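Novice: Hey, dropping model-v4.tsv in here, TSV, C-alpha atoms:
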```
chain	number	residue	atom	x	y	z
A	829	MET	CA	0.00	0.00	0.00
A	830	TYR	CA	2.69	2.47	0.98
A	831	ALA	CA	4.98	1.30	-1.80
A	832	TRP	CA	2.13	1.84	-4.26
A	833	ILE	CA	1.58	5.40	-2.96
A	834	TRP	CA	5.29	6.14	-3.10
A	835	ARG	CA	5.58	4.93	-6.67
A	836	HIS	CA	2.69	7.13	-7.72
A	837	LEU	CA	4.06	10.31	-6.22
A	838	PRO	CA	5.50	12.58	-8.86
A	839	GLY	CA	8.96	13.98	-9.10
A	840	PRO	CA	12.43	13.09	-7.85
A	841	THR	CA	12.93	11.74	-4.38
A	842	PRO	CA	13.13	15.05	-2.45
A	843	VAL	CA	9.87	16.19	-4.06
A	844	ARG	CA	8.30	12.88	-3.21
A	845	LEU	CA	9.41	13.22	0.38
A	846	LEU	CA	7.80	16.63	0.57
A	847	ALA	CA	4.60	15.39	-1.04
A	848	ALA	CA	4.49	12.46	1.37
A	849	ALA	CA	4.98	14.80	4.32
A	850	VAL	CA	2.16	17.02	3.09
A	851	LEU	CA	-0.09	14.00	2.66
A	852	VAL	CA	0.66	12.79	6.18
A	853	ALA	CA	0.08	16.26	7.61
A	854	GLY	CA	-3.20	16.50	5.76
A	855	ILE	CA	-4.38	13.17	7.08
A	856	VAL	CA	-3.41	14.02	10.65
A	857	LEU	CA	-5.27	17.32	10.32
A	858	LEU	CA	-8.36	15.51	9.08
A	859	LEU	CA	-8.13	13.04	11.95
A	860	PHE	CA	-7.75	15.71	14.61
A	861	SER	CA	-10.40	18.04	13.28
A	862	THR	CA	-13.13	15.62	12.26
A	863	VAL	CA	-12.57	11.93	12.83
A	864	PHE	CA	-11.30	12.01	16.40
A	865	PRO	CA	-13.94	14.38	17.80
A	866	TRP	CA	-16.63	12.21	16.21
A	867	ALA	CA	-15.04	9.07	17.63
A	868	GLU	CA	-14.79	10.66	21.03
A	869	ASP	CA	-18.46	11.46	21.07
A	870	SER	CA	-19.42	7.98	19.92
A	871	LEU	CA	-17.21	6.07	22.31
A	872	PRO	CA	-18.45	5.50	25.83
A	873	PHE	CA	-15.21	6.62	27.48
A	874	LEU	CA	-14.88	9.52	29.82
A	875	LYS	CA	-18.45	10.68	30.03
A	876	VAL	CA	-19.02	12.96	32.98
A	877	THR	CA	-22.76	13.65	33.09
A	878	VAL	CA	-25.63	11.77	34.67
A	879	ASP	CA	-28.44	10.93	32.29
A	880	GLN	CA	-30.82	8.14	31.52
B	1282	MET	CA	34.67	-35.26	-4.15
B	1283	SER	CA	37.75	-33.35	-3.17
B	1284	HIS	CA	38.10	-29.78	-4.40
B	1285	ASP	CA	41.86	-30.07	-4.70
B	1286	SER	CA	43.03	-30.43	-8.30
B	1287	PRO	CA	44.98	-33.60	-9.00
B	1288	PRO	CA	48.72	-32.70	-8.90
B	1289	ASP	CA	49.19	-33.21	-12.64
B	1290	TYR	CA	46.11	-31.26	-13.79
B	1291	VAL	CA	46.98	-28.36	-16.10
B	1292	PRO	CA	44.14	-26.06	-17.18
B	1293	PRO	CA	43.78	-25.57	-20.92
B	1294	PRO	CA	45.58	-22.41	-22.25
B	1295	ASP	CA	42.31	-20.64	-23.06
B	1296	TYR	CA	40.84	-21.38	-19.65
B	1297	ALA	CA	39.52	-18.37	-17.85
B	1298	PRO	CA	37.82	-18.62	-14.52
B	1299	PRO	CA	34.12	-18.02	-14.87
B	1300	PRO	CA	32.88	-14.60	-13.77
B	1301	PRO	CA	31.60	-14.46	-10.18
B	1302	VAL	CA	27.92	-15.22	-10.05
B	1303	ARG	CA	25.43	-13.48	-7.78
B	1304	PRO	CA	24.37	-15.60	-4.81
B	1305	ARG	CA	21.58	-17.84	-5.90
B	1306	GLN	CA	18.15	-17.67	-4.31
B	1307	PRO	CA	17.66	-20.60	-1.99
B	1308	ALA	CA	16.33	-23.27	-4.20
B	1309	ARG	CA	13.51	-24.00	-1.80
B	1310	SER	CA	11.57	-20.80	-2.34
B	1311	ARG	CA	12.04	-20.78	-6.05
B	1312	ARG	CA	10.73	-24.27	-6.36
B	1313	ALA	CA	7.76	-23.54	-4.13
B	1314	ALA	CA	6.59	-20.45	-6.03
B	1315	PRO	CA	3.39	-21.29	-7.87
B	1316	ALA	CA	1.33	-18.67	-9.71
B	1317	GLY	CA	-0.66	-17.26	-6.70
B	1318	ALA	CA	2.27	-16.69	-4.33
B	1319	GLY	CA	2.87	-13.11	-5.49
B	1320	THR	CA	-0.71	-12.20	-4.63
B	1321	ALA	CA	-0.47	-13.90	-1.27
B	1322	ARG	CA	2.70	-12.02	-0.44
B	1323	THR	CA	1.10	-8.72	-1.39
B	1324	ALA	CA	-1.91	-9.54	0.73
B	1325	VAL	CA	0.22	-10.36	3.74
B	1326	ARG	CA	2.29	-7.23	3.30
B	1327	GLY	CA	-0.86	-5.15	2.78
B	1328	THR	CA	-2.45	-6.56	5.91
B	1329	GLY	CA	0.69	-5.86	7.87
B	1330	GLU	CA	0.76	-2.28	6.65
B	1331	LEU	CA	-2.91	-1.85	7.51
B	1332	LEU	CA	-2.37	-3.15	11.01
B	1333	ILE	CA	0.60	-0.89	11.56
B	1334	THR	CA	-1.41	2.03	10.21
B	1335	ALA	CA	-4.28	1.19	12.54
B	1336	GLY	CA	-1.86	1.08	15.44
B	1337	LEU	CA	-0.45	4.47	14.49
B	1338	VAL	CA	-3.94	5.94	14.23
B	1339	LEU	CA	-4.76	4.64	17.69
B	1340	LEU	CA	-1.60	6.18	19.08
B	1341	LEU	CA	-2.54	9.44	17.40
B	1342	PHE	CA	-5.98	9.22	19.01
B	1343	VAL	CA	-4.41	8.84	22.43
B	1344	ALA	CA	-2.18	11.82	21.73
B	1345	TYR	CA	-5.24	13.74	20.59
B	1346	GLN	CA	-7.10	13.00	23.80
B	1347	LEU	CA	-4.25	13.52	26.23
B	1348	VAL	CA	-2.50	16.46	24.61
B	1349	TRP	CA	-4.59	18.14	21.94
B	1350	THR	CA	-7.94	18.37	23.76
B	1351	ASN	CA	-6.24	19.85	26.82
B	1352	PHE	CA	-4.45	22.42	24.69
B	1353	GLU	CA	-7.64	23.33	22.83
B	1354	ALA	CA	-9.72	23.42	25.99
B	1355	HIS	CA	-7.36	25.79	27.78
B	1356	ARG	CA	-7.51	28.07	24.82
B	1357	ALA	CA	-11.31	27.83	24.67
B	1358	GLN	CA	-11.61	28.45	28.41
B	1359	GLY	CA	-9.55	31.61	27.99
B	1360	GLY	CA	-11.94	32.72	25.27
B	1361	VAL	CA	-14.99	32.02	27.43
B	1362	ALA	CA	-13.43	33.84	30.38
B	1363	ASP	CA	-12.92	36.88	28.15
B	1364	GLN	CA	-16.49	36.62	26.89
B	1365	ILE	CA	-17.83	36.55	30.44
B	1366	ARG	CA	-15.80	39.52	31.59
B	1367	ASP	CA	-16.85	41.43	28.48
B	1368	ASP	CA	-20.49	40.65	29.17
B	1369	TRP	CA	-20.12	41.86	32.72
B	1370	GLN	CA	-18.63	45.15	31.58
B	1371	ARG	CA	-21.74	45.86	29.56
B	1372	PRO	CA	-25.03	46.55	31.36
B	1373	PRO	CA	-27.31	43.55	31.57
B	1374	THR	CA	-30.26	43.52	29.20
B	1375	THR	CA	-33.28	44.51	31.24
B	1376	PRO	CA	-36.70	42.87	30.87
B	1377	PRO	CA	-39.48	44.95	29.30
B	1378	ALA	CA	-40.97	47.51	31.67
B	1379	GLY	CA	-43.58	46.04	33.94
B	1380	GLU	CA	-42.39	42.48	33.60
B	1381	VAL	CA	-41.16	41.10	36.89
B	1382	GLN	CA	-38.09	38.94	36.56
B	1383	LYS	CA	-38.91	35.98	38.79
B	1384	GLY	CA	-36.16	33.63	37.90
B	1385	PRO	CA	-32.96	33.77	35.91
B	1386	ARG	CA	-33.28	34.31	32.21
B	1387	ALA	CA	-32.16	31.34	30.19
B	1388	VAL	CA	-28.57	31.61	29.05
B	1389	ASP	CA	-27.69	30.48	25.55
B	1390	PHE	CA	-26.01	27.12	25.33
B	1391	GLY	CA	-22.27	27.39	25.18
B	1392	LYS	CA	-22.21	30.86	26.71
B	1393	GLY	CA	-20.32	31.42	29.91
B	1394	PHE	CA	-22.04	33.13	32.80
B	1395	ALA	CA	-20.00	32.47	35.93
B	1396	PHE	CA	-16.64	31.43	37.32
B	1397	MET	CA	-16.09	28.59	39.73
B	1398	HIS	CA	-13.29	28.95	42.26
B	1399	ILE	CA	-12.25	25.89	44.23
B	1400	PRO	CA	-9.46	26.73	46.70
B	1401	ARG	CA	-8.81	23.06	47.45
B	1402	LEU	CA	-7.90	22.56	43.80
B	1403	GLY	CA	-5.60	25.54	43.58
B	1404	LYS	CA	-5.13	29.00	44.97
B	1405	ASN	CA	-5.88	30.53	41.57
B	1406	TYR	CA	-8.33	27.93	40.36
B	1407	ALA	CA	-10.93	29.81	38.33
B	1408	VAL	CA	-12.77	27.97	35.59
B	1409	PRO	CA	-15.59	29.48	33.54
B	1410	VAL	CA	-19.02	27.89	33.79
B	1411	VAL	CA	-20.93	27.55	30.53
B	1412	GLN	CA	-24.56	26.72	29.94
B	1413	GLY	CA	-25.13	23.15	28.81
B	1414	VAL	CA	-23.43	19.79	29.34
B	1415	GLY	CA	-22.90	18.66	25.76
B	1416	LEU	CA	-19.45	17.71	24.54
B	1417	ASP	CA	-19.00	21.12	22.95
B	1418	ASP	CA	-19.91	22.87	26.17
B	1419	LEU	CA	-17.73	20.69	28.38
B	1420	ALA	CA	-14.80	21.33	26.07
B	1421	ARG	CA	-14.93	25.00	27.00
B	1422	GLY	CA	-15.23	24.86	30.76
B	1423	ILE	CA	-17.47	23.50	33.46
B	1424	GLY	CA	-20.95	22.79	32.14
B	1425	HIS	CA	-24.18	23.72	33.87
B	1426	TYR	CA	-27.03	21.24	33.66
B	1427	PRO	CA	-29.53	23.51	31.91
B	1428	ARG	CA	-32.61	22.28	33.73
B	1429	THR	CA	-31.15	23.05	37.14
B	1430	VAL	CA	-31.21	26.41	38.80
B	1431	MET	CA	-28.66	29.16	38.47
B	1432	PRO	CA	-26.13	29.88	41.24
B	1433	GLY	CA	-27.57	31.16	44.47
B	1434	HIS	CA	-31.14	30.20	43.68
B	1435	VAL	CA	-33.26	27.82	45.71
B	1436	GLY	CA	-32.89	24.36	44.27
B	1437	ASN	CA	-29.87	22.47	43.01
B	1438	PHE	CA	-27.22	24.31	40.95
B	1439	ALA	CA	-25.71	21.28	39.21
B	1440	VAL	CA	-22.59	21.26	37.05
B	1441	ALA	CA	-20.48	18.68	35.23
B	1442	GLY	CA	-16.80	18.80	34.31
B	1443	HIS	CA	-14.20	16.65	32.64
B	1444	ARG	CA	-11.87	14.74	34.90
B	1445	ALA	CA	-9.49	13.72	32.12
B	1446	THR	CA	-8.94	15.38	28.74
B	1447	HIS	CA	-10.54	18.59	27.48
B	1448	GLY	CA	-8.88	20.75	30.07
B	1449	GLU	CA	-9.85	18.36	32.91
B	1450	PRO	CA	-11.17	21.02	35.34
B	1451	PHE	CA	-12.29	18.27	37.71
B	1452	ALA	CA	-9.09	16.22	37.45
B	1453	TYR	CA	-8.66	16.30	41.22
B	1454	LEU	CA	-12.27	16.49	42.28
B	1455	ASP	CA	-11.63	13.43	44.41
B	1456	LYS	CA	-9.62	15.73	46.69
B	1457	LEU	CA	-12.77	17.63	47.57
B	1458	GLY	CA	-14.40	16.59	50.82
B	1459	LYS	CA	-16.80	17.68	53.47
B	1460	GLY	CA	-16.05	21.19	54.58
B	1461	ASP	CA	-14.30	22.34	51.41
B	1462	LEU	CA	-15.52	25.43	49.61
B	1463	VAL	CA	-16.72	26.05	46.10
B	1464	ILE	CA	-17.11	29.74	45.35
B	1465	VAL	CA	-19.21	30.75	42.38
B	1466	GLU	CA	-18.72	34.21	40.96
B	1467	THR	CA	-21.54	35.69	38.89
B	1468	ARG	CA	-22.12	39.15	37.49
B	1469	THR	CA	-23.58	40.44	40.72
B	1470	ASP	CA	-22.60	38.07	43.52
B	1471	TRP	CA	-20.07	35.86	45.18
B	1472	PHE	CA	-21.76	32.64	46.35
B	1473	VAL	CA	-19.81	30.57	48.88
B	1474	TYR	CA	-20.92	26.94	48.93
B	1475	ARG	CA	-19.75	24.49	51.60
B	1476	MET	CA	-19.40	20.82	50.60
B	1477	ASP	CA	-21.31	18.22	52.58
B	1478	ARG	CA	-20.64	14.82	51.11
B	1479	VAL	CA	-19.18	12.84	48.27
B	1480	ARG	CA	-20.84	9.89	46.57
B	1481	ILE	CA	-19.96	7.40	43.85
B	1482	VAL	CA	-23.03	6.64	41.78
B	1483	GLN	CA	-24.08	5.10	38.49
B	1484	PRO	CA	-24.20	7.14	35.27
B	1485	THR	CA	-27.99	6.79	35.25
B	1486	ASP	CA	-28.48	8.19	38.76
B	1487	THR	CA	-30.03	11.44	37.65
B	1488	TRP	CA	-31.49	11.95	41.11
B	1489	VAL	CA	-28.22	13.65	42.08
B	1490	ILE	CA	-29.23	16.73	40.08
B	1491	ASP	CA	-32.82	16.82	41.36
B	1492	PRO	CA	-33.86	20.01	43.16
B	1493	VAL	CA	-33.64	17.99	46.37
B	1494	PRO	CA	-31.29	15.07	45.68
B	1495	GLY	CA	-32.67	11.91	47.24
B	1496	LYS	CA	-36.20	13.30	47.67
B	1497	PRO	CA	-37.81	13.24	44.24
B	1498	ASP	CA	-41.10	14.86	45.18
B	1499	ALA	CA	-39.90	17.41	47.69
B	1500	ARG	CA	-40.14	21.12	47.01
B	1501	PRO	CA	-36.72	22.68	47.32
B	1502	THR	CA	-36.09	25.08	50.16
B	1503	GLN	CA	-32.30	25.20	50.22
B	1504	GLN	CA	-29.76	26.54	47.77
B	1505	LEU	CA	-27.69	23.48	46.90
B	1506	ILE	CA	-24.79	22.73	44.59
B	1507	THR	CA	-23.86	19.45	42.94
B	1508	LEU	CA	-20.69	18.69	40.97
B	1509	THR	CA	-20.50	15.60	38.77
B	1510	THR	CA	-17.65	13.96	36.93
B	1511	CYS	CA	-16.55	10.49	35.86
B	1512	ASN	CA	-15.12	7.81	38.08
B	1513	PRO	CA	-12.54	6.35	37.96
B	1514	ARG	CA	-10.54	9.14	36.41
B	1515	TRP	CA	-9.60	7.29	33.24
B	1516	ALA	CA	-12.86	5.49	32.70
B	1517	SER	CA	-16.49	6.40	33.22
B	1518	THR	CA	-18.20	3.37	34.62
B	1519	GLU	CA	-19.38	5.47	37.55
B	1520	ARG	CA	-19.83	9.09	38.51
B	1521	LEU	CA	-18.16	11.01	41.29
B	1522	ILE	CA	-20.66	13.40	42.90
B	1523	VAL	CA	-19.94	16.17	45.39
B	1524	PHE	CA	-22.91	17.74	47.19
B	1525	GLY	CA	-22.88	21.09	48.94
B	1526	HIS	CA	-25.07	23.91	50.22
B	1527	LEU	CA	-24.92	27.68	50.10
B	1528	GLU	CA	-23.24	29.11	53.16
B	1529	SER	CA	-22.87	32.79	52.42
B	1530	ARG	CA	-23.23	35.41	49.75
B	1531	GLN	CA	-21.86	38.86	49.16
B	1532	ASP	CA	-22.10	41.53	46.51
B	1533	LYS	CA	-19.42	41.77	43.86
B	1534	ALA	CA	-19.01	45.38	44.83
B	1535	ASP	CA	-17.74	44.29	48.26
B	1536	GLY	CA	-14.87	42.40	46.68
B	1537	PRO	CA	-14.01	38.72	46.83
B	1538	PRO	CA	-15.00	36.84	49.97
B	1539	PRO	CA	-12.24	36.40	52.57
B	1540	GLN	CA	-11.99	32.72	51.74
B	1541	LEU	CA	-10.74	33.71	48.32
B	1542	GLN	CA	-8.26	36.42	49.21
B	1543	ARG	CA	-5.32	36.07	46.89
B	1544	ARG	CA	-1.93	36.31	48.43
B	1545	ALA	CA	0.33	38.66	46.48
```
How would this structure read if it were set down as structure tokens?
Specialist:
Amino acid sequence: MYAWIWRHLPGPTPVRLLAAAVLVAGIVLLLFSTVFPWAEDSLPFLKVTVDQ
Amino acid sequence: MSHDSPPDYVPPPDYAPPPPVRPRQPARSRRAAPAGAGTARTAVRGTGELLITAGLVLLLFVAYQLVWTNFEAHRAQGGVADQIRDDWQRPPTTPPAGEVQKGPRAVDFGKGFAFMHIPRLGKNYAVPVVQGVGLDDLARGIGHYPRTVMPGHVGNFAVAGHRATHGEPFAYLDKLGKGDLVIVETRTDWFVYRMDRVRIVQPTDTWVIDPVPGKPDARPTQQLITLTTCNPRWASTERLIVFGHLESRQDKADGPPPQLQRRA
């Protein structure tokens, strides 16, 4: 999977490294801003209120 | 067979040693490589990569909870604190002439309206209280159960706060005991509440935020306070509840109560 992604990145190796870093940063940003908050709400951990 | 040449062996004149060959693959794997093995290997490698990726995502989630939410919450709390102080600088909106204001006007969800000071948890402990106990509200401070009364009013002023992650204002709520103070600062008053008892209850025990906890049909006559958070700290199978009652009140204009005097 990662080898496939790497092969399909354009440019010489330094450019590929940069593109890979940007991709990783983008994914982490997506996780932190959207996926993780949603997961946190859905998971039953660390709830602090009393309700039925 | 011995690798030594027989003593009378002479190589032919045009003999040249063969060029060095690359090490051969072990014969075993080459022989046992039928048509589908390449796919199998890719599948195994792909699964391995997926599992490692999943592990990394989980680690990132832990980092998100333990580091990021605290960072964001402290920033959000600062914003809410500013919003509250700004609101208090401006005159309160008055009800239309002739309308008697019997109870507190509903505060918008997410808006801060008070500060909670808990000396036991820190000399300068001052966390904003926001209306509502949704995840968004609790990420910005201590949340007020919206169907309970406002500070200082007869009934049960009930709040909830995170004990881990999201700024964890109630991280050390277990340190609170009978006799400790919780001081609630609103626009017009300082309310000094004295704690009475601590209970561990189930998440469904909503009686703790009743107007008179433990007496479902009673009409409230006292001004009570109830703080709720999860128990144990890193799970939420139970709730940690601290009950208290109003002990004293003074106007904002008279300055902070003596129990809250800050040392220079």
Novice: Using atom CA of Ala1452 of chain B and atom CA of Pro1513 of chain B as the two end points, give the distance in Å to one decimal.
Specialist: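 Straight-line distance from atom CA of Ala1452 of chain B to atom CA of Pro1513 of chain B works out to 10.5 Å.
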Novice: Rounded to one decimal in Å, what is the spacing between atom CA of Leu1527 of chain B and atom CA of Gly1442 of chain B?
Specialist: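 Calculated distance between atom CA of Leu1527 of chain B and atom CA of Gly1442 of chain B is 19.9 Å.
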Novice: Give me, please, the distance in Å between atom CA of Ala1395 of chain B and atom CA of Ile1365 of chain B, quoted to one decimal.
Specialist: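 Between atom CA of Ala1395 of chain B and atom CA of Ile1365 of chain B the gap works out to 7.2 Å.
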Novice: Can you find the residues with an atom no farther than 12 Å from (-13.2, 8.8, 24.3), counting only C-alpha atoms, and report them as a PyMOL selection string?
Specialist: (chain A and resi 863-876) or (chain B and resi 1339+1342-1347+1350+1416+1443+1445-1447+1515-1517)
Novice: For Leu1337 of chain B, please output as a PDB file with C-alpha atoms, in the frame of the given file all residues within 12 Å (counting only C-alpha atoms; exclusion window: fewer than 6 positions along the same chain).
Specialist:
```
ATOM      1  CA  VAL A 852       0.660  12.790   6.180  1.00  0.00           C
ATOM      2  CA  VAL A 856      -3.410  14.020  10.650  1.00  0.00           C
ATOM      3  CA  LEU A 859      -8.130  13.040  11.950  1.00  0.00           C
TER       4      LEU A 859
ATOM      5  CA  GLU B1330       0.760  -2.280   6.650  1.00  0.00           C
ATOM      6  CA  LEU B1331      -2.910  -1.850   7.510  1.00  0.00           C
ATOM      7  CA  VAL B1343      -4.410   8.840  22.430  1.00  0.00           C
ATOM      8  CA  ALA B1344      -2.180  11.820  21.730  1.00  0.00           C
TER       9      ALA B1344
END
```
